>>> print(open('work.txt').read())   # compact mmCIF, C-alpha atoms (C1' of nucleotides)
# COMPACT_ATOMS: atom_id res chain seq x y z
CA MET A 1 6.53 -3.80 32.61
CA ALA A 2 7.11 -0.93 35.05
CA ARG A 3 5.00 2.12 34.34
CA MET A 4 6.81 5.40 34.82
CA VAL A 5 5.43 8.87 34.34
CA PRO A 6 3.06 8.08 31.43
CA GLU A 7 0.13 6.63 33.34
CA THR A 8 -1.82 3.77 31.81
CA HIS A 9 -4.99 5.59 32.82
CA ASP A 10 -4.27 8.38 30.37
CA GLU A 11 -3.09 6.03 27.65
CA ILE A 12 -6.45 4.28 27.87
CA LEU A 13 -8.26 7.59 27.50
CA VAL A 14 -6.24 8.51 24.44
CA ALA A 15 -6.72 5.12 22.82
CA ALA A 16 -10.44 5.11 23.60
CA ALA A 17 -10.88 8.58 22.12
CA ARG A 18 -9.18 7.46 18.93
CA ARG A 19 -11.29 4.31 18.61
CA PHE A 20 -14.59 5.91 19.62
CA ALA A 21 -14.02 8.59 16.99
CA THR A 22 -13.47 6.08 14.21
CA THR A 23 -15.79 3.18 15.03
CA GLY A 24 -18.17 4.76 17.53
CA TYR A 25 -18.83 3.96 21.18
CA ARG A 26 -20.81 0.79 20.63
CA GLY A 27 -18.56 -0.22 17.78
CA THR A 28 -15.53 -0.20 20.05
CA SER A 29 -14.95 -3.07 22.48
CA LEU A 30 -12.88 -2.98 25.63
CA GLN A 31 -10.68 -5.53 23.92
CA ASP A 32 -10.05 -3.08 21.07
CA ILE A 33 -8.97 -0.40 23.52
CA ALA A 34 -6.77 -2.82 25.44
CA ARG A 35 -5.11 -3.99 22.25
CA GLU A 36 -4.34 -0.41 21.21
CA VAL A 37 -2.88 0.40 24.63
CA GLY A 38 -0.96 -2.85 24.73
CA CYS A 39 -2.44 -4.19 27.96
CA SER A 40 -5.11 -6.65 28.95
CA LYS A 41 -8.83 -5.93 28.95
CA ALA A 42 -8.78 -6.53 32.71
CA ALA A 43 -6.22 -3.74 33.07
CA VAL A 44 -8.62 -1.34 31.34
CA LEU A 45 -11.30 -2.33 33.83
CA TYR A 46 -8.87 -1.87 36.68
CA HIS A 47 -8.52 1.82 35.80
CA PHE A 48 -12.19 2.39 34.90
CA ALA A 49 -15.25 1.01 36.64
CA ASN A 50 -16.83 0.13 33.31
CA LYS A 51 -16.97 1.11 29.67
CA GLU A 52 -19.32 4.02 30.23
CA ALA A 53 -16.92 5.53 32.77
CA ILE A 54 -14.33 5.92 30.01
CA LEU A 55 -16.80 7.85 27.88
CA THR A 56 -17.97 10.12 30.71
CA GLU A 57 -14.40 10.99 31.70
CA LEU A 58 -13.63 11.68 28.04
CA MET A 59 -16.60 13.99 27.72
CA ALA A 60 -16.31 15.73 31.08
CA PRO A 61 -14.48 18.86 29.87
CA ALA A 62 -16.86 19.41 26.96
CA ILE A 63 -19.88 18.88 29.19
CA GLY A 64 -18.56 21.38 31.70
CA VAL A 65 -18.24 24.02 29.01
CA LEU A 66 -21.69 23.16 27.70
CA GLN A 67 -23.21 23.67 31.14
CA ALA A 68 -21.46 27.00 31.48
CA LEU A 69 -22.85 28.02 28.10
CA ASP A 70 -26.32 26.97 29.20
CA GLU A 71 -26.13 29.25 32.21
CA ARG A 72 -24.94 32.15 30.10
CA ILE A 73 -27.81 31.62 27.65
CA ARG A 74 -30.38 31.52 30.44
CA ALA A 75 -29.20 34.92 31.61
CA HIS A 76 -30.35 36.46 28.34
CA ARG A 77 -33.54 36.78 26.31
CA GLY A 78 -34.50 37.06 22.63
CA ALA A 79 -31.86 38.32 20.23
CA ALA A 80 -29.19 38.47 22.93
CA ALA A 81 -29.80 34.84 23.88
CA GLN A 82 -29.68 33.87 20.24
CA ARG A 83 -26.33 35.59 19.74
CA VAL A 84 -24.84 34.08 22.90
CA ALA A 85 -26.09 30.63 21.93
CA ALA A 86 -24.76 30.78 18.39
CA GLU A 87 -21.35 32.12 19.33
CA GLY A 88 -21.05 29.86 22.34
CA PHE A 89 -22.04 26.72 20.52
CA VAL A 90 -19.80 27.39 17.55
CA ASP A 91 -16.94 28.00 19.92
CA LEU A 92 -17.66 24.79 21.79
CA ALA A 93 -17.99 22.78 18.59
CA VAL A 94 -14.64 24.04 17.32
CA ARG A 95 -12.79 23.48 20.59
CA PHE A 96 -14.24 20.06 21.28
CA ARG A 97 -14.83 18.83 17.74
CA ARG A 98 -12.91 15.68 18.56
CA GLU A 99 -15.03 14.85 21.59
CA ILE A 100 -18.26 15.70 19.81
CA ALA A 101 -17.26 13.60 16.83
CA LEU A 102 -16.84 10.51 18.95
CA LEU A 103 -20.49 10.66 19.87
CA ARG A 104 -21.34 10.61 16.20
CA GLY A 105 -24.87 9.43 15.87
CA GLU A 106 -24.97 7.67 19.19
CA PHE A 107 -26.36 10.74 20.86
CA PRO A 108 -29.94 9.49 21.02
CA GLU A 109 -29.22 6.34 22.99
CA LEU A 110 -26.25 7.55 24.97
CA LEU A 111 -28.15 10.60 26.13
CA GLN A 112 -30.76 8.37 27.67
CA GLN A 113 -28.23 6.95 30.08
CA PRO A 114 -28.56 8.59 33.50
CA ALA A 115 -25.06 10.07 33.33
CA PHE A 116 -26.12 12.25 30.40
CA ALA A 117 -29.75 12.87 31.32
CA HIS A 118 -29.36 16.59 31.88
CA ILE A 119 -27.63 17.09 28.54
CA GLN A 120 -30.92 16.52 26.78
CA ARG A 121 -32.62 19.40 28.55
CA ILE A 122 -29.66 21.66 27.90
CA SER A 123 -29.76 20.94 24.19
CA GLU A 124 -33.49 21.64 24.11
CA ARG A 125 -32.87 25.06 25.61
CA LEU A 126 -30.04 25.53 23.12
CA VAL A 127 -32.43 24.87 20.23
CA ASP A 128 -34.97 27.29 21.68
CA ALA A 129 -32.37 30.01 22.05
CA LEU A 130 -30.95 29.45 18.56
CA ALA A 131 -34.42 29.46 17.04
CA GLY A 132 -35.20 32.84 18.54
CA HIS A 133 -38.88 32.20 17.90
CA PRO A 134 -39.21 28.78 19.55
CA GLN A 135 -42.83 28.42 18.52
CA ARG A 136 -42.28 29.23 14.85
CA PRO A 137 -41.73 25.92 13.03
CA SER A 138 -39.39 27.31 10.38
CA ALA A 139 -37.19 28.86 13.06
CA ARG A 140 -37.08 25.65 15.08
CA ILE A 141 -36.23 23.67 11.95
CA ALA A 142 -33.36 25.99 11.08
CA ALA A 143 -32.00 25.81 14.62
CA LEU A 144 -32.21 22.03 14.80
CA VAL A 145 -30.62 21.51 11.39
CA LEU A 146 -27.79 23.84 12.31
CA LEU A 147 -27.23 22.20 15.69
CA ALA A 148 -27.31 18.68 14.29
CA GLY A 149 -25.25 19.62 11.26
CA ILE A 150 -22.47 21.22 13.23
CA SER A 151 -22.42 18.43 15.80
CA GLU A 152 -22.35 15.76 13.17
CA SER A 153 -19.87 17.25 10.76
CA CYS A 154 -17.39 19.26 12.81
CA GLY A 155 -15.30 16.13 13.31
CA GLU A 156 -14.68 16.08 9.56
CA PHE A 157 -12.78 19.35 9.65
CA ALA A 158 -9.81 18.10 11.63
CA ASP A 159 -7.47 19.74 9.12
CA VAL A 160 -9.10 23.19 9.20
CA PRO A 161 -7.45 25.64 11.63
CA ASP A 162 -9.57 26.59 14.64
CA GLU A 163 -9.91 30.23 13.71
CA GLU A 164 -10.92 29.57 10.13
CA LEU A 165 -13.47 26.95 11.14
CA ARG A 166 -14.94 29.20 13.80
CA ALA A 167 -15.31 32.08 11.37
CA ALA A 168 -16.96 29.90 8.72
CA LEU A 169 -19.40 28.32 11.17
CA LEU A 170 -20.30 31.63 12.74
CA ALA A 171 -20.98 33.17 9.35
CA LEU A 172 -23.08 30.16 8.44
CA ALA A 173 -25.04 30.39 11.68
CA ARG A 174 -25.79 34.06 11.11
CA ARG A 175 -27.04 33.32 7.62
CA ALA A 176 -29.03 30.25 8.59
CA LEU A 177 -30.81 31.51 11.69
CA GLU A 178 -33.84 33.73 11.36
CA PRO A 179 -33.20 37.05 13.05
CA VAL A 180 -35.27 37.87 16.12
CA ASP A 181 -37.35 40.97 15.43
CA MET B 1 -51.07 -19.19 12.54
CA ALA B 2 -52.18 -19.05 8.92
CA ARG B 3 -51.00 -15.90 7.11
CA MET B 4 -53.55 -14.31 4.86
CA VAL B 5 -53.10 -11.24 2.69
CA PRO B 6 -50.75 -9.30 5.03
CA GLU B 7 -47.45 -10.98 4.25
CA THR B 8 -44.96 -11.56 7.04
CA HIS B 9 -42.26 -10.22 4.77
CA ASP B 10 -43.81 -6.76 4.82
CA GLU B 11 -44.60 -6.89 8.51
CA ILE B 12 -40.92 -7.53 9.15
CA LEU B 13 -39.98 -4.52 7.05
CA VAL B 14 -42.42 -2.30 8.95
CA ALA B 15 -41.27 -3.54 12.34
CA ALA B 16 -37.61 -3.21 11.37
CA ALA B 17 -38.13 0.35 10.14
CA ARG B 18 -39.75 1.28 13.43
CA ARG B 19 -37.00 -0.27 15.54
CA PHE B 20 -34.10 0.96 13.39
CA ALA B 21 -35.51 4.48 13.65
CA THR B 22 -35.66 4.40 17.43
CA THR B 23 -32.66 2.32 18.49
CA GLY B 24 -30.53 2.34 15.35
CA TYR B 25 -29.39 -0.49 13.11
CA ARG B 26 -26.77 -1.93 15.39
CA GLY B 27 -28.95 -1.29 18.41
CA THR B 28 -31.69 -3.48 17.02
CA SER B 29 -31.35 -7.26 17.15
CA LEU B 30 -33.12 -9.76 14.95
CA GLN B 31 -34.78 -10.97 18.14
CA ASP B 32 -36.19 -7.46 18.69
CA ILE B 33 -37.69 -7.42 15.22
CA ALA B 34 -39.09 -10.94 15.59
CA ARG B 35 -40.68 -10.03 18.92
CA GLU B 36 -42.36 -6.98 17.40
CA VAL B 37 -43.68 -8.99 14.47
CA GLY B 38 -44.76 -11.81 16.72
CA CYS B 39 -42.75 -14.56 15.07
CA SER B 40 -39.47 -16.37 15.67
CA LYS B 41 -36.06 -15.00 14.81
CA ALA B 42 -35.68 -17.91 12.40
CA ALA B 43 -38.79 -16.72 10.56
CA VAL B 44 -37.17 -13.33 10.03
CA LEU B 45 -34.13 -15.06 8.55
CA TYR B 46 -36.39 -17.16 6.38
CA HIS B 47 -37.68 -14.04 4.66
CA PHE B 48 -34.35 -12.20 4.55
CA ALA B 49 -30.91 -13.64 3.88
CA ASN B 50 -29.43 -11.70 6.77
CA LYS B 51 -29.84 -8.56 8.83
CA GLU B 52 -28.22 -6.31 6.25
CA ALA B 53 -30.71 -7.48 3.61
CA ILE B 54 -33.52 -5.97 5.66
CA LEU B 55 -31.77 -2.62 5.71
CA THR B 56 -30.97 -2.61 2.01
CA GLU B 57 -34.55 -3.46 1.05
CA LEU B 58 -35.77 -0.75 3.38
CA MET B 59 -33.46 1.81 1.79
CA ALA B 60 -33.89 0.74 -1.82
CA PRO B 61 -36.53 3.32 -2.83
CA ALA B 62 -34.64 6.21 -1.25
CA ILE B 63 -31.39 5.07 -2.86
CA GLY B 64 -33.07 4.90 -6.24
CA VAL B 65 -34.25 8.48 -5.95
CA LEU B 66 -30.81 9.55 -4.73
CA GLN B 67 -29.16 8.02 -7.79
CA ALA B 68 -31.64 9.75 -10.08
CA LEU B 69 -30.83 13.04 -8.34
CA ASP B 70 -27.12 12.38 -8.80
CA GLU B 71 -27.60 12.00 -12.55
CA ARG B 72 -29.63 15.20 -12.75
CA ILE B 73 -26.94 17.09 -10.83
CA ARG B 74 -24.19 15.81 -13.10
CA ALA B 75 -26.05 17.20 -16.09
CA HIS B 76 -25.58 20.73 -14.74
CA ARG B 77 -22.75 23.04 -13.73
CA GLY B 78 -22.22 25.86 -11.24
CA ALA B 79 -25.28 27.73 -10.02
CA ALA B 80 -27.67 25.44 -11.90
CA ALA B 81 -26.12 22.35 -10.31
CA GLN B 82 -26.31 24.00 -6.91
CA ARG B 83 -30.01 24.76 -7.35
CA VAL B 84 -30.81 21.27 -8.60
CA ALA B 85 -28.86 19.72 -5.73
CA ALA B 86 -30.51 21.85 -3.05
CA GLU B 87 -34.04 21.38 -4.31
CA GLY B 88 -33.53 17.71 -5.06
CA PHE B 89 -31.97 16.88 -1.73
CA VAL B 90 -34.56 18.78 0.27
CA ASP B 91 -37.27 16.99 -1.65
CA LEU B 92 -35.62 13.64 -1.03
CA ALA B 93 -35.12 14.37 2.66
CA VAL B 94 -38.76 15.31 3.11
CA ARG B 95 -40.14 12.33 1.20
CA PHE B 96 -37.85 9.78 2.80
CA ARG B 97 -37.29 11.38 6.18
CA ARG B 98 -38.28 8.14 7.84
CA GLU B 99 -35.77 6.06 5.91
CA ILE B 100 -33.01 8.60 6.36
CA ALA B 101 -33.73 8.83 10.06
CA LEU B 102 -33.18 5.15 10.57
CA LEU B 103 -29.60 5.53 9.42
CA ARG B 104 -29.11 8.10 12.14
CA GLY B 105 -25.43 8.32 12.79
CA GLU B 106 -24.59 4.91 11.48
CA PHE B 107 -23.85 6.32 8.06
CA PRO B 108 -20.05 6.16 8.40
CA GLU B 109 -19.84 2.44 9.09
CA LEU B 110 -22.84 1.30 7.10
CA LEU B 111 -21.62 3.16 4.03
CA GLN B 112 -18.43 1.15 4.10
CA GLN B 113 -20.33 -2.05 3.47
CA PRO B 114 -20.13 -3.03 -0.21
CA ALA B 115 -23.89 -2.70 -0.68
CA PHE B 116 -23.63 1.05 -0.03
CA ALA B 117 -20.22 1.72 -1.49
CA HIS B 118 -21.44 3.92 -4.33
CA ILE B 119 -23.53 6.07 -1.97
CA GLN B 120 -20.37 7.58 -0.59
CA ARG B 121 -19.27 8.90 -3.97
CA ILE B 122 -22.73 10.23 -4.68
CA SER B 123 -22.79 12.17 -1.42
CA GLU B 124 -19.36 13.60 -2.17
CA ARG B 125 -20.64 14.93 -5.48
CA LEU B 126 -23.70 16.23 -3.65
CA VAL B 127 -21.49 18.21 -1.26
CA ASP B 128 -19.49 19.60 -4.17
CA ALA B 129 -22.63 20.70 -5.99
CA LEU B 130 -24.17 22.24 -2.86
CA ALA B 131 -20.96 24.07 -2.04
CA GLY B 132 -20.88 25.71 -5.46
CA HIS B 133 -17.22 26.51 -4.91
CA PRO B 134 -15.94 23.06 -3.93
CA GLN B 135 -12.46 24.34 -3.25
CA ARG B 136 -13.52 27.20 -0.98
CA PRO B 137 -13.39 25.86 2.61
CA SER B 138 -16.22 28.04 3.91
CA ALA B 139 -18.48 26.88 1.08
CA ARG B 140 -17.66 23.22 1.69
CA ILE B 141 -18.28 23.65 5.41
CA ALA B 142 -21.69 25.20 4.82
CA ALA B 143 -22.65 22.44 2.39
CA LEU B 144 -21.52 19.67 4.71
CA VAL B 145 -23.23 21.14 7.76
CA LEU B 146 -26.45 21.55 5.79
CA LEU B 147 -26.29 18.04 4.38
CA ALA B 148 -25.51 16.43 7.73
CA GLY B 149 -27.99 18.60 9.58
CA ILE B 150 -30.89 17.81 7.30
CA SER B 151 -30.04 14.10 7.20
CA GLU B 152 -29.70 13.90 10.92
CA SER B 153 -32.68 15.95 12.00
CA CYS B 154 -35.36 15.46 9.36
CA GLY B 155 -36.60 12.41 11.21
CA GLU B 156 -37.52 14.68 14.12
CA PHE B 157 -40.14 16.51 12.08
CA ALA B 158 -42.55 13.63 11.69
CA ASP B 159 -45.43 15.89 12.70
CA VAL B 160 -44.65 18.69 10.24
CA PRO B 161 -46.61 18.48 6.97
CA ASP B 162 -44.51 17.69 3.91
CA GLU B 163 -45.15 21.00 2.19
CA GLU B 164 -44.33 23.11 5.22
CA LEU B 165 -41.14 21.16 5.93
CA ARG B 166 -40.02 21.40 2.32
CA ALA B 167 -40.57 25.15 2.25
CA ALA B 168 -38.70 25.69 5.51
CA LEU B 169 -35.74 23.53 4.49
CA LEU B 170 -35.51 25.11 1.05
CA ALA B 171 -35.53 28.59 2.53
CA LEU B 172 -32.87 27.52 5.00
CA ALA B 173 -30.73 26.02 2.23
CA ARG B 174 -30.93 29.21 0.19
CA ARG B 175 -29.85 31.26 3.19
CA ALA B 176 -27.11 28.89 4.29
CA LEU B 177 -25.40 28.19 0.98
CA GLU B 178 -23.03 30.69 -0.50
CA PRO B 179 -24.30 31.84 -3.90
CA VAL B 180 -22.23 30.91 -6.94
CA ASP B 181 -21.00 34.08 -8.59
C1' DC C 1 14.28 -8.92 54.84
C1' DC C 2 9.60 -8.76 54.98
C1' DT C 3 5.19 -6.57 54.25
C1' DC C 4 2.05 -3.93 51.94
C1' DC C 5 -0.10 -1.99 48.09
C1' DA C 6 -0.77 -0.65 43.40
C1' DT C 7 -0.79 -2.71 39.02
C1' DC C 8 -1.75 -6.12 35.96
C1' DT C 9 -2.83 -10.89 33.99
C1' DG C 10 -5.28 -15.08 32.24
C1' DA C 11 -9.05 -17.71 32.99
C1' DC C 12 -13.59 -17.50 33.36
C1' DC C 13 -18.68 -15.95 33.57
C1' DG C 14 -23.47 -15.21 31.77
C1' DA C 15 -25.70 -12.78 28.19
C1' DT C 16 -26.46 -11.74 23.63
C1' DC C 17 -25.31 -11.45 18.96
C1' DG C 18 -26.13 -13.10 13.83
C1' DG C 19 -26.92 -17.15 11.70
C1' DT C 20 -27.88 -22.48 10.72
C1' DC C 21 -30.50 -26.62 10.65
C1' DA C 22 -33.71 -30.46 10.87
C1' DG C 23 -38.17 -31.04 11.11
C1' DG C 24 -43.24 -30.07 11.47
C1' DG C 25 -47.50 -28.14 10.12
C1' DT C 26 -50.58 -26.46 6.21
C1' DC C 27 -52.11 -25.50 1.80
C1' DT C 28 -52.44 -26.67 -3.15
C1' DG C 29 -52.67 -29.04 -7.30
C1' DA C 30 -52.24 -33.33 -9.71
C1' DT D 1 -54.87 -39.22 -1.57
C1' DC D 2 -50.48 -37.88 -1.70
C1' DA D 3 -46.29 -35.19 -3.13
C1' DG D 4 -44.17 -31.07 -2.77
C1' DA D 5 -43.77 -26.16 -1.93
C1' DC D 6 -44.16 -22.77 1.40
C1' DC D 7 -43.91 -20.95 6.02
C1' DC D 8 -42.36 -21.33 10.37
C1' DT D 9 -40.40 -23.27 14.88
C1' DG D 10 -37.13 -24.53 18.73
C1' DA D 11 -32.76 -26.02 19.47
C1' DC D 12 -28.39 -25.08 18.63
C1' DC D 13 -23.76 -22.96 16.97
C1' DG D 14 -19.47 -20.18 17.42
C1' DA D 15 -18.17 -15.58 18.31
C1' DT D 16 -18.05 -11.64 21.01
C1' DC D 17 -19.66 -8.67 24.39
C1' DG D 18 -18.99 -6.27 29.26
C1' DG D 19 -17.49 -7.60 33.48
C1' DT D 20 -15.42 -10.56 37.63
C1' DC D 21 -11.92 -12.87 40.23
C1' DA D 22 -7.95 -15.10 42.28
C1' DG D 23 -3.51 -14.69 42.01
C1' DA D 24 1.26 -13.15 40.07
C1' DT D 25 4.63 -9.30 39.91
C1' DG D 26 7.32 -5.79 41.50
C1' DG D 27 8.60 -1.59 43.79
C1' DA D 28 8.55 1.29 48.21
C1' DG D 29 8.91 1.73 53.29
C1' DG D 30 9.78 0.07 57.82
>>> encode(input="work.txt", output="structure tokens")
Amino acid sequence: MARMVPETHDEILVAAARRFATTGYRGTSLQDIAREVGCSKAAVLYHFANKEAILTELMAPAIGVLQALDERIRAHRGAAAQRVAAEGFVDLAVRFRREIALLRGEFPELLQQPAFAHIQRISERLVDALAGHPQRPSARIAALVLLAGISESCGEFADVPDEELRAALLALARRALEPVD
Amino acid sequence: MARMVPETHDEILVAAARRFATTGYRGTSLQDIAREVGCSKAAVLYHFANKEAILTELMAPAIGVLQALDERIRAHRGAAAQRVAAEGFVDLAVRFRREIALLRGEFPELLQQPAFAHIQRISERLVDALAGHPQRPSARIAALVLLAGISESCGEFADVPDEELRAALLALARRALEPVD
DNA sequence: CCTCCATCTGACCGATCGGTCAGGGTCTGA
DNA sequence: TCAGACCCTGACCGATCGGTCAGATGGAGG
């Protein structure tokens, strides 16, 4: 049962990502993950403090990029902020479509956990930037639909090459968003 | 504890709709619903065969309208089908935004239950019709993002009047979808 | 050889889940 | 007055959840 180079820690992450993406976070038990790895549930909890720790480690890279995007957006105003937000978010969605997919629909509750508290404010600023006119209802609606739609569906396009998906989403964003005068 | 005109059955439906919309289907226990109604969990299961029965009864009107829309779409081709699908789905989303919202993100698993099996095929046809060119990846992507985005976010616009929301979503759909030549 | 430490296991914990069941009120109509 | 339908309750069930714990295993270093 000796573990060589391939660390159990990483195997757990891979297995968890696969399960979370198919049955969701809450729909996946530690036992499921353990079974897929081929170890005991206790072994999973030896490598991770708890279930949430698996998710946060899984999401860490995507969250880092999201924070960087947030800072870039905040350095701009109006049309420039809108362009940066659209391009940045599309890029992020394409690169991390797997990670985003595994949050499918569990955003609302998961985001309320302290570990993800700041994500909520970031996404609010993202909507504002995408809308261009944050106080115009139709602009806000377009931005929110686009954001939710990309987040929710990008996991479906696992078979579309990165570059093609990015181009299609960017073109869609440009069409969907109301231009800032 | 005598029940007069306001039937417990309906109170359960109202309470369940409220809880499902805020914490999701799986995130809501029968105990939660019973507590909100002010009765025992056993009383809830007296009025409904099981938890799923509450959801199906809650969704029945929306599903009926969706099926009617499906038949209308199938009676058209190309640009006409695209227009019917866009207008029909926007209308449905606005009217039933509450019901759609309470499925937030749990679509994938819930749809696999036999009671919702046919919904999956309907939504596939809906995507095809919205895309216009079902075999063109960029058109499919736009249709899927729009469909997912509206489904996922329309519950957020509880304070926007029906007519204003419908107009905004319809304008967005026209911009987002690629026209059928 | 012995010790130490990282890794892992099976047994177990309390909580909660959806669901069942026997029985007790209460109202109604014969 | 009494039978029966309706509505509801508390107690209970087996399953599963996330998480804990004492101890077994096995390799590395002195």
>>> interface_residues(input="work.txt", of="chain C", to="chain B", cutoff="10 Å", atoms="only C-alpha atoms (C1' of nucleotides)", output="PDB file with C-alpha atoms (C1' of nucleotides), in the frame of the given file")
ATOM      1  C1'  DT C  16     -26.460 -11.740  23.630  1.00  0.00           C
ATOM      2  C1'  DC C  17     -25.310 -11.450  18.960  1.00  0.00           C
ATOM      3  C1'  DG C  18     -26.130 -13.100  13.830  1.00  0.00           C
ATOM      4  C1'  DG C  19     -26.920 -17.150  11.700  1.00  0.00           C
ATOM      5  C1'  DT C  20     -27.880 -22.480  10.720  1.00  0.00           C
ATOM      6  C1'  DG C  25     -47.500 -28.140  10.120  1.00  0.00           C
ATOM      7  C1'  DT C  26     -50.580 -26.460   6.210  1.00  0.00           C
ATOM      8  C1'  DC C  27     -52.110 -25.500   1.800  1.00  0.00           C
TER       9       DC C  27
END
>>> atom_distance(input="work.txt", atom1="CA of Leu170 (chain A)", atom2="CA of Gly149 (chain A)")
13.1 Å
>>> residues_around(input="work.txt", residues="region 86-100 of chain B", least_positions_apart="6", cutoff="10 Å", atoms="all atoms listed in the file", output="ChimeraX atom specification")
/B:17-18,20-21,55,58-63,65-66,68-70,72-73,80,107,126-127,129-131,143,146-147,150-158,160-170,173-174,177
>>> write_last_selection(input="work.txt", atoms="C-alpha atoms", output="mmCIF file, keeping the file's coordinate frame")
data_model
loop_
_atom_site.group_PDB
_atom_site.id
_atom_site.type_symbol
_atom_site.label_atom_id
_atom_site.label_comp_id
_atom_site.auth_asym_id
_atom_site.auth_seq_id
_atom_site.Cartn_x
_atom_site.Cartn_y
_atom_site.Cartn_z
ATOM 1 C CA ALA B 17 -38.130 0.350 10.140
ATOM 2 C CA ARG B 18 -39.750 1.280 13.430
ATOM 3 C CA PHE B 20 -34.100 0.960 13.390
ATOM 4 C CA ALA B 21 -35.510 4.480 13.650
ATOM 5 C CA LEU B 55 -31.770 -2.620 5.710
ATOM 6 C CA LEU B 58 -35.770 -0.750 3.380
ATOM 7 C CA MET B 59 -33.460 1.810 1.790
ATOM 8 C CA ALA B 60 -33.890 0.740 -1.820
ATOM 9 C CA PRO B 61 -36.530 3.320 -2.830
ATOM 10 C CA ALA B 62 -34.640 6.210 -1.250
ATOM 11 C CA ILE B 63 -31.390 5.070 -2.860
ATOM 12 C CA VAL B 65 -34.250 8.480 -5.950
ATOM 13 C CA LEU B 66 -30.810 9.550 -4.730
ATOM 14 C CA ALA B 68 -31.640 9.750 -10.080
ATOM 15 C CA LEU B 69 -30.830 13.040 -8.340
ATOM 16 C CA ASP B 70 -27.120 12.380 -8.800
ATOM 17 C CA ARG B 72 -29.630 15.200 -12.750
ATOM 18 C CA ILE B 73 -26.940 17.090 -10.830
ATOM 19 C CA ALA B 80 -27.670 25.440 -11.900
ATOM 20 C CA PHE B 107 -23.850 6.320 8.060
ATOM 21 C CA LEU B 126 -23.700 16.230 -3.650
ATOM 22 C CA VAL B 127 -21.490 18.210 -1.260
ATOM 23 C CA ALA B 129 -22.630 20.700 -5.990
ATOM 24 C CA LEU B 130 -24.170 22.240 -2.860
ATOM 25 C CA ALA B 131 -20.960 24.070 -2.040
ATOM 26 C CA ALA B 143 -22.650 22.440 2.390
ATOM 27 C CA LEU B 146 -26.450 21.550 5.790
ATOM 28 C CA LEU B 147 -26.290 18.040 4.380
ATOM 29 C CA ILE B 150 -30.890 17.810 7.300
ATOM 30 C CA SER B 151 -30.040 14.100 7.200
ATOM 31 C CA GLU B 152 -29.700 13.900 10.920
ATOM 32 C CA SER B 153 -32.680 15.950 12.000
ATOM 33 C CA CYS B 154 -35.360 15.460 9.360
ATOM 34 C CA GLY B 155 -36.600 12.410 11.210
ATOM 35 C CA GLU B 156 -37.520 14.680 14.120
ATOM 36 C CA PHE B 157 -40.140 16.510 12.080
ATOM 37 C CA ALA B 158 -42.550 13.630 11.690
ATOM 38 C CA VAL B 160 -44.650 18.690 10.240
ATOM 39 C CA PRO B 161 -46.610 18.480 6.970
ATOM 40 C CA ASP B 162 -44.510 17.690 3.910
ATOM 41 C CA GLU B 163 -45.150 21.000 2.190
ATOM 42 C CA GLU B 164 -44.330 23.110 5.220
ATOM 43 C CA LEU B 165 -41.140 21.160 5.930
ATOM 44 C CA ARG B 166 -40.020 21.400 2.320
ATOM 45 C CA ALA B 167 -40.570 25.150 2.250
ATOM 46 C CA ALA B 168 -38.700 25.690 5.510
ATOM 47 C CA LEU B 169 -35.740 23.530 4.490
ATOM 48 C CA LEU B 170 -35.510 25.110 1.050
ATOM 49 C CA ALA B 173 -30.730 26.020 2.230
ATOM 50 C CA ARG B 174 -30.930 29.210 0.190
ATOM 51 C CA LEU B 177 -25.400 28.190 0.980
#
>>> closest_residue(input="work.txt", among="D:DC13, D:DA28, D:DC21, D:DA3", to="chain A", atoms="all atoms listed in the file")
D:DC21
>>> residues_around(input="work.txt", residues="Arg175 (chain B)", least_positions_apart="4", cutoff="7 Å", atoms="all atoms listed in the file", output="PDB file with C-alpha atoms, in the frame of the given file")
ATOM      1  CA  ARG A 175     -27.040  33.320   7.620  1.00  0.00           C
ATOM      2  CA  ALA A 176     -29.030  30.250   8.590  1.00  0.00           C
TER       3      ALA A 176
ATOM      4  CA  ALA B 171     -35.530  28.590   2.530  1.00  0.00           C
TER       5      ALA B 171
END
>>> closest_residue(input="work.txt", among="A:Ile33, A:Ala142, A:Leu102, A:Thr23", to="Thr56 (chain A)", atoms="only C-alpha atoms")
A:Leu102
>>> atom_distance(input="work.txt", atom1="CA of His118 (chain B)", atom2="CA of Arg140 (chain B)")
20.6 Å
